[in-house]
Number of protein chains: 2
Amino acid sequence: MKTVKVAIVGLGTIGTGVARLLLEQGDRLARQAGVRIELARIVDKDTTTVRDLDLPAGLLSDDLATITEDPEITTVVQLIGGLEPARTIMLKLLASGKDVVTANKALVAEHGPELFDSARQAGRSIAFEAAVAGGIPIIASMSECLAANQIESIHAILNGTSNFILTQMQQKGEAYEAVVAEAQRLGYAEADPTMDVDGSDAAQKLAILAHLGFGATVDWRAIPRVGIDTVNVSDMQYAEELGYNVKLLAVASREPEGLELHVSPTLVRDGMPLAEVRDAFNAIHVVGDAVGKVFFQGLGAGQMPTASAVVSDLIDTVVGRMAITFNTLQLWSSDREASVAVREPAEIPGRFYLRFNVKDNPGVLAEIAGILGWHKISISSVIQHETSDNADDAVPLVIMTHSAPEGSVAAAVKTIDELAGTYPGTIRMRVMD
Amino acid sequence: MKTVKVAIVGLGTIGTGVARLLLEQGDRLARQAGVRIELARIVDKDTTTVRDLDLPAGLLSDDLATITEDPEITTVVQLIGGLEPARTIMLKLLASGKDVVTANKALVAEHGPELFDSARQAGRSIAFEAAVAGGIPIIASMSECLAANQIESIHAILNGTSNFILTQMQQKGEAYEAVVAEAQRLGYAEADPTMDVDGSDAAQKLAILAHLGFGATVDWRAIPRVGIDTVNVSDMQYAEELGYNVKLLAVASREPEGLELHVSPTLVRDGMPLAEVRDAFNAIHVVGDAVGKVFFQGLGAGQMPTASAVVSDLIDTVVGRMAITFNTLQLWSSDREASVAVREPAEIPGRFYLRFNVKDNPGVLAEIAGILGWHKISISSVIQHETSDNADDAVPLVIMTHSAPEGSVAAAVKTIDELAGTYPGTIRMRVMD
C-alpha cells in the first residue's frame, strides 16, 4: 500500500486529537483511504507541552521550514487559531505546494478570497469541513450531496456554547450571568466568551454557509446579529407558554427580494427539530428545491468531533477527491458569477415576540395596539398575567405579531418605549414556525 | 465547458424526476459539476407514457442497445425496480463500460457481491446514495465524512411508509388497518404494502448500512424483524404514558460479543431526536468513536428527494470522485477482510416493553413477576389501570423490564402466555433510552 506523508501545524486541543487519530488508528484510516497516511512532522511554537499523546521522537519542531522544505509532505493540517500568524502560515504552506486542511472558520470567513485564490494559483486545495459545525458533515453535504438543489434556506444552531447556556437557563431557570459562570467553570465557555455569545462566531460560520449555499460573498460583520446576553429567563418561560423554545439561530434564506441573513435569539416552535437541540449540540436545517427539508445534528466543537472532520478532509485530500471538488466549486473566486444581492435587514419580514414593560395604568394596551396597527403590524397573541399585590407597577406584556418587516417593528417599539405608560427596554425576538 | 453524455434506464416516477433535473436545471448542474451533463438517451420498455415532462424528440427508446452501444454515453442512471430484469440490465451496462447510478436498494442488498465484483472487473463504479434514505446523504457520510471513525452504532427510521402510519395512529388514535387504508388512498402506501410494513424494506437498507459501517456482509433475510402490523394504538398510549414514542427502528450496534442487528417497533424515549421524527420522514442516528452522536433527518422517498440523491451521485461519477471512492472502499468484495461476526438474535440484550392480557384474578401479577424473576428479568416499571365495571375480564398489564437477553424475555413470555390467569398474545417491544 502506498504511503503519503502529512504534517500538522498547531498542536493545541484539536491538533492533539488529529495526531492521536493518525498515530493510533493508522490501519483503520488506511482501509478507508486506500493509502497509508504517515504523520511525518508536527510544528508548534511550543515544543515542550505535549498533552495526552506519545509522540515519536523528533516529530515535533518549532520550525515551519521542516514542513515547507520537505517535498515528501503533500498535505498539511493547519490548526492555528485566530487571523495571524494563521493567515501567513497558510499562505506559506500553499506557496510551498502543500494542500491544506483547516478548522479555522475565522480565517476562512475573513480571508477566503485571498486564501482560495492563492490555493488556485499554486494548484493546491483548501479543505475546511471542521470550520463549520465540527462533526456535522455540512460542508460536504452542501458542496456535493445537495449539488442537484437550489438551496432555499438554512436555519442553524452554529454555536455550541450559546446553545449550552440557553439550555441551562431553560432547565434551571437561572439567569444568564450565573449560567455563563458555570459554563466557564465546566469548560463549555471561554474566559472571554464574547465571540460565542454575541453571535459573531455564528455569523462567521453563516457567512461560509451562505457562500456555499447561495454563492453570496458577504462580510460576516455586515450580518445583523443579536447575542444571547439579551435573553431573559422570563422570556424563555413566556416562549414555553406560547409553545416555543428560544435558540440562537443563524438564518440564510433566499427570497425574491434578495438573500436574508441574520443571527439572533429566536423562538422556535416546539416539535420542529431545531427546537429540540439541547446542550452543546449544533444543528442545521436546510431546504433544497428538490430534496425538501434535511436536518443535521451533531457536536460542533470539542477535540475528537472536530478531529473527525479534519481527518475526513485529510483522507479526501490525499485520495484526490478534494482537488476535484475544490477545482469544480471555485469558492471565493473572482471568476464566479455575481453573488446574490443581500437584503436590507430592516426590510426582512418575520413574526416577532415582543415583551413590553408597562405601567399598570388604564389604556396602555390600547395605546400599544394602536401604535402597532399604525405600523401595519397585526397581533397574533397576547399574554398579560395577573400581577400579585406585591409587584411594583412594571407589568410584563407579551405580544406575538404576525409577519412584518423588522424595520417597522423596530420603529413601533421605539415609539412605544417612549410612551408615558411604558418603561424602555422592550425585548424583541424573531419567531420561527 | 466539457460535456458528458449520460442516460436513464427506467422512466418511472424517480426517472422522470431525474430527467426533469437534467433537462431543466442544466446550468445549475454544470456550475456544480464543472462539466455540462447532457441527457443523451432514455430507455424504458414503455415508450408511450411520459408524465409531466417535455422530452426532446428521439430521446426515448425501448432498446437498451442504444445505450450500451453508444460509447459516448459514460454514465447510466439505472432506475428499474425489483430484482429482474434490473440485475441483468445492470450487468449489461457495466459490461458495456458504463458507470452506474442506482436507487434500487433491493438489488444492492440482494446482489451486492455479484454487481460490485462485475463493476470492479469492468473498471467501472456503482453509486447508490438514493438506495438508502433518499434525500439524506447517509451513504456519502458513512463512506467519506465519518471515515475517521469506528462506527459504534446506527439507529434508524428507514421506512417512510411505516413512520407515516405510526404517526397517524398516534395522532388520530385510529387502528392500524384504518390508517393503512387511508395511507393507500393518499399514495403513502402501496396497494400491497407488505415489504414496507413488515420490516423487509428497512432490513434491506440496514444490511447496506451495516456493510458500510461495519464491513458486515449479511443476508437481509437473516436480520430479525418485526413489522408495525403488530402495533396497537393502546400500546402507543401506554408508551406515551411512560414517556416514549413507538417507531420502527432498524438497529446495528457493535458490541464485544458481535454485531447486533434487528428491525422492530421500538419505544424511543421522548426528547431523543429519533422520537420526534414524524410523518414520512426518515432519520438516522450514528455514533462514531471520534465524532460522537450525529443525527440526520430527511425525506426517504418521493420523486424529487430521491432524484436529488441520484443526481448528486451522477455529478460525483462524472467528475471522477465516485471512481476514487469506489476503488478505495472495495465494497462487497471477496478480497476484504473477514466481516464482523453477527450476534445470535436471542442473545441480544435490551430493555423490553411487555403488555400482558391478564384475567382479573388474585395472584396473577405475582405469578408473572415470579416467572420474569426466574428468567433473571428485573422489572423497571408497571402500569395497570383500574378497570371499569363494564370491562370483560381481560385486563392489560404493562411491564417495562431492565436489560435482559431477548431469548430470556421470549421464553418468559411463552411461559406466561400459557398461564391459566393470562390470555396468549403478549405484546413485546424493544426500548431505546
# chains A, B, ... in the order shown; residues from 1 in each chain; ligands from 1
>>> residues_around(residues="Gly187 (chain B)", least_positions_apart="6", cutoff="12 Å", atoms="only C-alpha atoms", output="count of residues only")
10
>>> interface_residues(of="chain B", to="chain A", cutoff="6 Å", atoms="only C-alpha atoms", output="VMD selection string")
chain B and resid 34 135 145 147 to 148 290 to 291 293 to 298 304 to 305 308 311 to 312 321 328
>>> write_last_selection(atoms="N, CA and C atoms", output="short mmCIF file (atom, residue, chain, number, x, y, z; two decimals), in the first residue's frame")
data_model
loop_
_atom_site.label_atom_id
_atom_site.label_comp_id
_atom_site.auth_asym_id
_atom_site.auth_seq_id
_atom_site.Cartn_x
_atom_site.Cartn_y
_atom_site.Cartn_z
N GLY B 34 -18.87 21.43 -12.93
CA GLY B 34 -17.74 21.89 -13.74
C GLY B 34 -17.75 21.29 -15.14
N GLY B 135 -33.23 11.35 0.40
CA GLY B 135 -32.62 12.67 0.46
C GLY B 135 -31.58 12.85 1.54
N CYS B 145 -17.41 11.10 5.01
CA CYS B 145 -17.34 12.13 6.05
C CYS B 145 -17.03 11.56 7.43
N ALA B 147 -15.20 8.84 7.86
CA ALA B 147 -14.17 7.83 7.58
C ALA B 147 -13.13 7.71 8.69
N ALA B 148 -13.00 8.74 9.52
CA ALA B 148 -12.00 8.68 10.60
C ALA B 148 -12.49 7.86 11.79
N ALA B 290 -15.01 8.84 17.36
CA ALA B 290 -14.41 10.18 17.43
C ALA B 290 -15.49 11.26 17.40
N VAL B 291 -16.41 11.16 16.47
CA VAL B 291 -17.36 12.26 16.23
C VAL B 291 -18.48 12.29 17.26
N LYS B 293 -22.20 11.55 18.64
CA LYS B 293 -23.53 11.36 18.05
C LYS B 293 -23.75 12.29 16.88
N VAL B 294 -24.19 11.73 15.75
CA VAL B 294 -24.60 12.55 14.61
C VAL B 294 -25.98 12.09 14.19
N PHE B 295 -26.85 13.04 13.90
CA PHE B 295 -28.23 12.73 13.58
C PHE B 295 -28.61 13.37 12.25
N PHE B 296 -29.26 12.60 11.39
CA PHE B 296 -29.69 13.07 10.07
C PHE B 296 -31.20 12.84 9.94
N GLN B 297 -31.90 13.78 9.35
CA GLN B 297 -33.32 13.57 9.07
C GLN B 297 -33.66 14.16 7.71
N GLY B 298 -34.48 13.45 6.95
CA GLY B 298 -34.89 13.95 5.65
C GLY B 298 -35.93 13.03 5.03
N MET B 304 -38.74 13.86 -6.03
CA MET B 304 -37.62 14.80 -6.11
C MET B 304 -36.55 14.58 -5.05
N PRO B 305 -36.90 14.20 -3.80
CA PRO B 305 -35.82 13.89 -2.85
C PRO B 305 -34.92 12.75 -3.37
N SER B 308 -32.85 14.00 -6.26
CA SER B 308 -31.75 14.83 -5.75
C SER B 308 -30.53 13.96 -5.42
N VAL B 311 -28.98 12.51 -8.69
CA VAL B 311 -28.21 13.48 -9.48
C VAL B 311 -26.91 13.85 -8.76
N SER B 312 -26.91 13.85 -7.41
CA SER B 312 -25.63 14.14 -6.74
C SER B 312 -24.65 12.98 -6.99
N ARG B 321 -15.05 11.73 -8.69
CA ARG B 321 -14.96 11.42 -7.26
C ARG B 321 -15.42 10.00 -6.96
N THR B 328 -11.48 2.75 -3.54
CA THR B 328 -10.91 2.72 -2.19
C THR B 328 -11.67 1.76 -1.29
#
>>> select_by_dssp(residues="region 201-424 of chain B", states="strand (DSSP E)", output="ChimeraX atom specification")
/B:244-255,258-269,281-288,292-299,349-359,379-383,394-401,404-405,422-424
>>> residues_around(residues="Gly258 (chain A)", least_positions_apart="5", cutoff="12 Å", atoms="only C-alpha atoms", output="list in words")
Glu152, Ser153, Phe214, Ala216, Ala252, Ser253, Ser339, Val340, Ala341, Val342, Arg343, Glu344, Pro345, Glu347 and Ile348 of chain A
>>> write_last_selection(atoms="N, CA and C atoms", output="tab-separated table (two decimals), in the first residue's frame")
chain	number	residue	atom	x	y	z
A	152	GLU	N	-32.78	26.73	-0.70
A	152	GLU	CA	-33.77	27.78	-0.46
A	152	GLU	C	-33.56	28.47	0.88
A	153	SER	N	-33.20	27.68	1.90
A	153	SER	CA	-32.95	28.31	3.19
A	153	SER	C	-32.06	27.45	4.06
A	214	PHE	N	-25.45	29.77	-1.52
A	214	PHE	CA	-26.08	30.79	-2.37
A	214	PHE	C	-25.07	31.55	-3.21
A	216	ALA	N	-23.18	33.71	-2.15
A	216	ALA	CA	-23.06	35.07	-1.63
A	216	ALA	C	-21.67	35.29	-1.05
A	252	ALA	N	-30.11	31.98	6.77
A	252	ALA	CA	-29.86	32.49	5.42
A	252	ALA	C	-31.02	31.99	4.57
A	253	SER	N	-31.75	32.90	3.98
A	253	SER	CA	-32.95	32.50	3.24
A	253	SER	C	-33.03	33.28	1.93
A	339	SER	N	-22.49	37.60	-7.11
A	339	SER	CA	-23.17	36.97	-5.99
A	339	SER	C	-24.58	37.53	-5.86
A	340	VAL	N	-25.42	36.82	-5.17
A	340	VAL	CA	-26.80	37.29	-4.98
A	340	VAL	C	-26.79	38.55	-4.12
A	341	ALA	N	-27.80	39.37	-4.30
A	341	ALA	CA	-27.92	40.59	-3.51
A	341	ALA	C	-28.37	40.23	-2.09
A	342	VAL	N	-27.80	40.90	-1.12
A	342	VAL	CA	-28.20	40.68	0.27
A	342	VAL	C	-29.25	41.72	0.62
A	343	ARG	N	-30.30	41.24	1.26
A	343	ARG	CA	-31.44	42.12	1.53
A	343	ARG	C	-31.15	43.06	2.70
A	344	GLU	N	-31.68	44.24	2.61
A	344	GLU	CA	-31.56	45.23	3.68
A	344	GLU	C	-32.21	44.67	4.96
A	345	PRO	N	-31.46	44.61	6.07
A	345	PRO	CA	-32.01	43.99	7.28
A	345	PRO	C	-33.37	44.54	7.70
A	347	GLU	N	-35.75	45.46	6.06
A	347	GLU	CA	-36.85	45.01	5.20
A	347	GLU	C	-37.23	43.55	5.41
A	348	ILE	N	-36.37	42.81	6.15
A	348	ILE	CA	-36.62	41.37	6.29
A	348	ILE	C	-37.83	41.15	7.19
>>> atom_distance(atom1="CA of Val409 (chain B)", atom2="CA of Tyr176 (chain B)")
25.5 Å
>>> select_by_dssp(residues="region 140-300 of chain B", states="alpha helix (DSSP H)", output="PDB file with C-alpha atoms, in the first residue's frame")
ATOM      1  CA  ALA B 140     -21.606   9.666   1.440  1.00  0.00           C
ATOM      2  CA  GLY B 160     -41.222   6.370   5.498  1.00  0.00           C
ATOM      3  CA  THR B 161     -44.474   4.494   4.922  1.00  0.00           C
ATOM      4  CA  SER B 162     -44.248   2.825   8.327  1.00  0.00           C
ATOM      5  CA  ASN B 163     -43.373   6.083  10.027  1.00  0.00           C
ATOM      6  CA  PHE B 164     -46.290   7.817   8.344  1.00  0.00           C
ATOM      7  CA  ILE B 165     -48.665   5.067   9.519  1.00  0.00           C
ATOM      8  CA  LEU B 166     -47.332   5.121  13.088  1.00  0.00           C
ATOM      9  CA  THR B 167     -47.587   8.930  13.214  1.00  0.00           C
ATOM     10  CA  GLN B 168     -51.187   8.811  12.022  1.00  0.00           C
ATOM     11  CA  MET B 169     -52.093   6.062  14.505  1.00  0.00           C
ATOM     12  CA  GLN B 170     -50.644   8.123  17.338  1.00  0.00           C
ATOM     13  CA  GLN B 171     -52.162  11.450  16.288  1.00  0.00           C
ATOM     14  CA  LYS B 172     -55.623  10.141  15.425  1.00  0.00           C
ATOM     15  CA  TYR B 176     -53.545   0.122  12.085  1.00  0.00           C
ATOM     16  CA  GLU B 177     -55.939  -1.188   9.409  1.00  0.00           C
ATOM     17  CA  ALA B 178     -57.868   2.080   9.117  1.00  0.00           C
ATOM     18  CA  VAL B 179     -54.685   4.125   8.862  1.00  0.00           C
ATOM     19  CA  VAL B 180     -53.165   1.839   6.228  1.00  0.00           C
ATOM     20  CA  ALA B 181     -56.291   2.185   4.099  1.00  0.00           C
ATOM     21  CA  GLU B 182     -56.050   5.994   4.380  1.00  0.00           C
ATOM     22  CA  ALA B 183     -52.300   5.903   3.586  1.00  0.00           C
ATOM     23  CA  GLN B 184     -53.039   3.856   0.476  1.00  0.00           C
ATOM     24  CA  ARG B 185     -55.676   6.368  -0.586  1.00  0.00           C
ATOM     25  CA  LEU B 186     -53.163   9.239  -0.155  1.00  0.00           C
ATOM     26  CA  THR B 194     -46.102  -5.811   2.868  1.00  0.00           C
ATOM     27  CA  MET B 195     -42.397  -5.070   2.270  1.00  0.00           C
ATOM     28  CA  ASP B 196     -42.768  -1.669   3.924  1.00  0.00           C
ATOM     29  CA  VAL B 197     -44.783  -2.591   6.980  1.00  0.00           C
ATOM     30  CA  SER B 200     -38.257  -6.113   4.961  1.00  0.00           C
ATOM     31  CA  ASP B 201     -37.555  -2.802   3.239  1.00  0.00           C
ATOM     32  CA  ALA B 202     -35.853  -1.449   6.380  1.00  0.00           C
ATOM     33  CA  ALA B 203     -33.866  -4.694   6.750  1.00  0.00           C
ATOM     34  CA  GLN B 204     -32.529  -4.377   3.183  1.00  0.00           C
ATOM     35  CA  LYS B 205     -31.403  -0.829   3.874  1.00  0.00           C
ATOM     36  CA  LEU B 206     -29.940  -1.851   7.234  1.00  0.00           C
ATOM     37  CA  ALA B 207     -27.932  -4.615   5.545  1.00  0.00           C
ATOM     38  CA  ILE B 208     -26.421  -1.967   3.259  1.00  0.00           C
ATOM     39  CA  LEU B 209     -25.620   0.392   6.137  1.00  0.00           C
ATOM     40  CA  ALA B 210     -24.153  -2.478   8.182  1.00  0.00           C
ATOM     41  CA  HIS B 211     -21.823  -3.249   5.308  1.00  0.00           C
ATOM     42  CA  LEU B 212     -20.705   0.379   5.033  1.00  0.00           C
ATOM     43  CA  GLY B 213     -20.406   0.947   8.751  1.00  0.00           C
ATOM     44  CA  PHE B 214     -19.068  -2.353   9.993  1.00  0.00           C
ATOM     45  CA  VAL B 233     -52.973   2.047  19.459  1.00  0.00           C
ATOM     46  CA  SER B 234     -53.288   1.171  23.136  1.00  0.00           C
ATOM     47  CA  ASP B 235     -49.568   0.278  23.216  1.00  0.00           C
ATOM     48  CA  MET B 236     -48.765   3.680  21.738  1.00  0.00           C
ATOM     49  CA  GLN B 237     -50.820   5.273  24.505  1.00  0.00           C
ATOM     50  CA  TYR B 238     -49.082   3.268  27.243  1.00  0.00           C
ATOM     51  CA  ALA B 239     -45.753   4.196  25.643  1.00  0.00           C
ATOM     52  CA  GLU B 240     -46.732   7.865  25.774  1.00  0.00           C
ATOM     53  CA  GLU B 241     -47.678   7.496  29.430  1.00  0.00           C
ATOM     54  CA  LEU B 242     -44.221   6.040  30.090  1.00  0.00           C
TER      55      LEU B 242
END
>>> atom_distance(atom1="CA of Ala411 (chain B)", atom2="CA of Leu372 (chain B)")
9.3 Å
>>> closest_residue(among="B:Leu79, B:Val100, B:Leu39, B:Ile228", to="Gly12 (chain B)", atoms="only C-alpha atoms")
B:Leu79
>>> decode(residues="region 79-176 of chain A", atoms="C-alpha atoms", output="short mmCIF file (atom, residue, chain, number, x, y, z; two decimals), in the first residue's frame")
data_model
loop_
_atom_site.label_atom_id
_atom_site.label_comp_id
_atom_site.auth_asym_id
_atom_site.auth_seq_id
_atom_site.Cartn_x
_atom_site.Cartn_y
_atom_site.Cartn_z
CA LEU A 79 -4.80 24.31 13.19
CA ILE A 80 -3.54 27.70 14.35
CA GLY A 81 -6.46 29.78 15.62
CA GLY A 82 -7.11 33.46 15.02
CA LEU A 83 -6.08 35.50 12.00
CA GLU A 84 -2.33 35.99 12.38
CA PRO A 85 0.03 34.22 12.12
CA ALA A 86 -2.55 31.69 10.83
CA ARG A 87 -3.01 33.58 7.55
CA THR A 88 0.70 33.98 6.85
CA ILE A 89 1.40 30.33 7.67
CA MET A 90 -1.43 29.19 5.40
CA LEU A 91 -0.07 31.29 2.51
CA LYS A 92 3.43 29.86 3.07
CA LEU A 93 2.10 26.30 3.09
CA LEU A 94 0.18 26.86 -0.16
CA ALA A 95 3.14 28.58 -1.80
CA SER A 96 5.35 25.64 -0.88
CA GLY A 97 2.97 23.31 -2.73
CA LYS A 98 1.02 21.80 0.13
CA ASP A 99 -2.69 21.03 0.15
CA VAL A 100 -4.15 22.44 3.35
CA VAL A 101 -6.86 21.25 5.74
CA THR A 102 -8.07 23.74 8.34
CA ALA A 103 -10.63 24.14 11.13
CA ASN A 104 -10.21 27.92 11.36
CA LYS A 105 -13.59 29.45 10.45
CA ALA A 106 -12.49 32.99 11.30
CA LEU A 107 -9.66 32.70 8.79
CA VAL A 108 -11.93 31.35 6.04
CA ALA A 109 -14.67 33.91 6.76
CA GLU A 110 -12.18 36.80 6.88
CA HIS A 111 -9.61 35.93 4.21
CA GLY A 112 -11.49 33.45 1.98
CA PRO A 113 -10.86 35.25 -1.35
CA GLU A 114 -7.12 35.77 -0.71
CA LEU A 115 -6.52 32.23 0.58
CA PHE A 116 -8.59 30.42 -2.03
CA ASP A 117 -7.10 32.45 -4.89
CA SER A 118 -3.63 31.63 -3.55
CA ALA A 119 -4.50 27.96 -3.47
CA ARG A 120 -5.76 28.09 -7.06
CA GLN A 121 -2.61 29.90 -8.20
CA ALA A 122 -0.49 27.24 -6.50
CA GLY A 123 -2.66 24.42 -7.89
CA ARG A 124 -3.47 23.27 -4.37
CA SER A 125 -6.70 22.80 -2.37
CA ILE A 126 -8.09 24.04 0.95
CA ALA A 127 -10.46 21.80 2.91
CA PHE A 128 -12.50 23.25 5.80
CA GLU A 129 -15.21 20.79 6.88
CA ALA A 130 -14.18 21.30 10.52
CA ALA A 131 -14.61 25.08 10.30
CA VAL A 132 -18.41 24.91 10.49
CA ALA A 133 -20.34 22.72 12.92
CA GLY A 134 -17.43 20.34 13.66
CA GLY A 135 -18.77 16.80 13.49
CA ILE A 136 -21.68 17.60 11.17
CA PRO A 137 -20.68 16.94 7.54
CA ILE A 138 -22.34 20.13 6.34
CA ILE A 139 -19.59 21.39 4.03
CA ALA A 140 -19.52 18.09 2.12
CA SER A 141 -23.31 18.00 2.07
CA MET A 142 -23.65 21.50 0.68
CA SER A 143 -20.74 21.06 -1.77
CA GLU A 144 -21.57 17.62 -3.08
CA CYS A 145 -24.58 15.76 -1.69
CA LEU A 146 -27.09 18.56 -2.27
CA ALA A 147 -25.46 19.67 -5.51
CA ALA A 148 -28.63 18.99 -7.53
CA ASN A 149 -30.57 21.54 -5.48
CA GLN A 150 -31.15 25.22 -5.42
CA ILE A 151 -30.77 25.80 -1.69
CA GLU A 152 -33.77 27.78 -0.46
CA SER A 153 -32.95 28.31 3.19
CA ILE A 154 -30.56 27.45 6.01
CA HIS A 155 -31.64 27.72 9.65
CA ALA A 156 -28.87 26.71 12.01
CA ILE A 157 -27.62 26.49 15.57
CA LEU A 158 -23.92 27.05 14.95
CA ASN A 159 -22.58 27.98 18.36
CA GLY A 160 -22.48 25.18 20.93
CA THR A 161 -21.54 27.46 23.83
CA SER A 162 -24.64 29.61 23.32
CA ASN A 163 -26.87 26.57 22.98
CA PHE A 164 -25.43 25.09 26.16
CA ILE A 165 -26.08 28.34 28.04
CA LEU A 166 -29.65 28.67 26.72
CA THR A 167 -30.38 25.02 27.60
CA GLN A 168 -29.10 25.52 31.14
CA MET A 169 -31.08 28.74 31.58
CA GLN A 170 -34.23 26.97 30.47
CA GLN A 171 -33.70 23.82 32.52
CA LYS A 172 -32.55 25.51 35.72
CA GLY A 173 -34.40 28.79 35.43
CA GLU A 174 -31.15 30.59 36.29
CA ALA A 175 -30.12 33.95 34.91
CA TYR A 176 -27.71 34.37 32.03
#
